[in-house]
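Engineer: Handing you a structure now.
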Amino acid sequence: MLEIFKQTGALLEGHFKLTSGRHSNTYFQCAKVLQHPEHLTVVCGEIAGHFSGEAVDTVISPAIGGIVVGTEVGRQLGVKTIFAERKEGKMTIRRGFSLEKGERVLVVEDVITTGGSVREVIEQVEAAGAVPVGVACVVDRSNGKVRLHANQYAVLSMEVVSYAPEECPLCHEGVPIEAPGSRASAGGPAA
């Protein structure tokens, strides 16, 4: 999987601001991998295969990064796929999407660093009375240290160093920072 990230130019090195607000010298741009149908099918097949015995009713993803992954995982599992998105800074389920009490829901994300967006989505699932049956991601930057659910799966799991902004050695060296993620275009930090 790491080789696919390298081949597609999706593993970036430099100085990056992440969605979590932390800084890193490594950035996984999953969209560059997932734009290729053959990689999308394989990556999401790994996730769908892991959860195939869980009686999933719905796949939900945080917008924007998780939508492509969640939709393909849902397609492969043959279930409904929806997404949550930020409205006034808070993750919400909208656009006519809804969850029913007792509905079994798999939360799917592209990259997990601190798990903040996924935690917010899980809160929305539980607030609707639905049951989170697991969490999946393409890349777990914490190498399993961030545990969001007892049934958690990552296609690629590795520890990638990140820093609080005030502790970032790249900032102290004056290295220009990039924010290539989905929220960067909306004026916020990147993924």
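Chains: A, B, ... in order of the structure tokens. Residues: from 1 per chain. Ligands: from 1, in order shown.
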Contacts of Glu120 of chain A at 10 Å or less, counting only C-alpha atoms, minus same-chain residues fewer than 2 places along, as a PDB file with N, CA and C atoms, in the first residue's frame?
Structural biologist:
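File written: around37.pdb
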ATOM      1  N   PRO A  62     -16.964  11.277   7.337  1.00  0.00           N
ATOM      2  CA  PRO A  62     -16.858  12.723   7.472  1.00  0.00           C
ATOM      3  C   PRO A  62     -16.474  13.330   6.120  1.00  0.00           C
ATOM      4  N   ALA A  84     -21.366  12.985   6.869  1.00  0.00           N
ATOM      5  CA  ALA A  84     -21.602  14.106   7.782  1.00  0.00           C
ATOM      6  C   ALA A  84     -20.681  15.225   7.345  1.00  0.00           C
ATOM      7  N   GLU A  85     -21.077  16.453   7.615  1.00  0.00           N
ATOM      8  CA  GLU A  85     -20.250  17.592   7.208  1.00  0.00           C
ATOM      9  C   GLU A  85     -20.324  18.679   8.269  1.00  0.00           C
ATOM     10  N   ARG A  86     -19.358  19.568   8.201  1.00  0.00           N
ATOM     11  CA  ARG A  86     -19.327  20.655   9.187  1.00  0.00           C
ATOM     12  C   ARG A  86     -20.310  21.748   8.796  1.00  0.00           C
ATOM     13  N   LYS A  90     -19.376  22.512  13.408  1.00  0.00           N
ATOM     14  CA  LYS A  90     -19.795  21.277  14.088  1.00  0.00           C
ATOM     15  C   LYS A  90     -20.199  20.223  13.054  1.00  0.00           C
ATOM     16  N   MET A  91     -19.709  18.994  13.250  1.00  0.00           N
ATOM     17  CA  MET A  91     -20.063  17.902  12.349  1.00  0.00           C
ATOM     18  C   MET A  91     -21.543  17.584  12.508  1.00  0.00           C
ATOM     19  N   THR A  92     -22.275  17.573  11.384  1.00  0.00           N
ATOM     20  CA  THR A  92     -23.713  17.305  11.416  1.00  0.00           C
ATOM     21  C   THR A  92     -24.109  16.390  10.263  1.00  0.00           C
ATOM     22  N   GLY A 115      -8.115  11.604  15.194  1.00  0.00           N
ATOM     23  CA  GLY A 115      -9.442  11.006  15.232  1.00  0.00           C
ATOM     24  C   GLY A 115     -10.565  11.971  15.552  1.00  0.00           C
ATOM     25  N   GLY A 116     -10.284  13.265  15.566  1.00  0.00           N
ATOM     26  CA  GLY A 116     -11.283  14.254  15.943  1.00  0.00           C
ATOM     27  C   GLY A 116     -12.547  14.215  15.102  1.00  0.00           C
ATOM     28  N   SER A 117     -12.424  14.195  13.788  1.00  0.00           N
ATOM     29  CA  SER A 117     -13.604  14.179  12.910  1.00  0.00           C
ATOM     30  C   SER A 117     -14.396  12.893  13.086  1.00  0.00           C
ATOM     31  N   VAL A 118     -13.695  11.778  13.200  1.00  0.00           N
ATOM     32  CA  VAL A 118     -14.385  10.494  13.376  1.00  0.00           C
ATOM     33  C   VAL A 118     -15.129  10.472  14.706  1.00  0.00           C
ATOM     34  N   ILE A 122     -19.093   9.724  15.164  1.00  0.00           N
ATOM     35  CA  ILE A 122     -19.612   8.710  16.088  1.00  0.00           C
ATOM     36  C   ILE A 122     -20.641   9.330  17.032  1.00  0.00           C
ATOM     37  N   GLU A 123     -20.378  10.535  17.526  1.00  0.00           N
ATOM     38  CA  GLU A 123     -21.339  11.229  18.395  1.00  0.00           C
ATOM     39  C   GLU A 123     -22.662  11.452  17.675  1.00  0.00           C
ATOM     40  N   GLN A 124     -22.600  11.809  16.396  1.00  0.00           N
ATOM     41  CA  GLN A 124     -23.828  12.026  15.616  1.00  0.00           C
ATOM     42  C   GLN A 124     -24.594  10.713  15.418  1.00  0.00           C
ATOM     43  N   VAL A 125     -23.853   9.637  15.158  1.00  0.00           N
ATOM     44  CA  VAL A 125     -24.470   8.312  14.995  1.00  0.00           C
ATOM     45  C   VAL A 125     -25.195   7.924  16.284  1.00  0.00           C
ATOM     46  N   GLU A 126     -24.503   8.060  17.412  1.00  0.00           N
ATOM     47  CA  GLU A 126     -25.096   7.688  18.698  1.00  0.00           C
ATOM     48  C   GLU A 126     -26.266   8.594  19.072  1.00  0.00           C
TER      49      GLU A 126
END
Engineer: I need the residues of segment 31-93 of chain A that end up classed as strand (DSSP E or B) by DSSP on the backbone, written out as a PyMOL selection string.
Structural biologist: chain A and resi 58-62+80-87+90-92
Engineer: Pick from A:Val73, A:Glu109, A:Lys101, A:Arg141: nearest to Val161 of chain A, with only C-alpha atoms counted?
Structural biologist: A:Arg141
Engineer: Return as JSON lines the residues of segment 33-87 of chain A lying at most 12 Å from segment 11-23 of chain A, together with the closest atom-to-atom pair for each and the distance in Å to one decimal, counting only C-alpha atoms, with rows in chain order and ascending residue number.
Structural biologist:
{"residue": "A:Val33", "atom": "CA", "partner": "A:Leu11", "partner_atom": "CA", "distance": 9.4}
{"residue": "A:Ile64", "atom": "CA", "partner": "A:Thr19", "partner_atom": "CA", "distance": 11.5}
{"residue": "A:Gly65", "atom": "CA", "partner": "A:Thr19", "partner_atom": "CA", "distance": 10.7}
Engineer: Could you tell me, as a PyMOL selection string, which residues of chain A DSSP assigns to alpha helix (DSSP H) when given the backbone?
Structural biologist: chain A and resi 2-7+30-34+37-51+65-77+116-127+169-172
Engineer: From the list A:His39, A:Lys6, A:Arg147, A:Lys32, which residue is nearest Arg119 of chain A when using only C-alpha atoms?
Structural biologist: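 Closest residue, counting only C-alpha atoms: A:Arg147.
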Engineer: Would you mind telling me which residue in A:Gln7, A:Asn25, A:Val121, A:Ala127 lies nearest to Ser162 of chain A when using only C-alpha atoms?
Structural biologist: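 Ranking A:Gln7, A:Asn25, A:Val121, A:Ala127 by distance to Ser162 of chain A, first place goes to A:Asn25.
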Engineer: Need the shell around Ile82 of chain A: protein/DNA/RNA residues with any atom at most 7 Å away, counting only C-alpha atoms. Skip same-chain ones fewer than 2 positions apart. Format as a ChimeraX atom specification?
Structural biologist: /A:59-61,80,97
Engineer: So what do you get for atom CA of Cys30 of chain A versus atom CA of Val43 of chain A, distance-wise?
Structural biologist: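 About the pair atom CA of Cys30 of chain A and atom CA of Val43 of chain A: they are 10.5 Å apart.
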Engineer: Near Asp140 of chain A, counting only C-alpha atoms, which residues have an atom at most 7 Å away, once you skip same-chain residues fewer than 5 positions from it, shown as a PyMOL selection string?
Structural biologist: chain A and resi 111-113+154+156-158
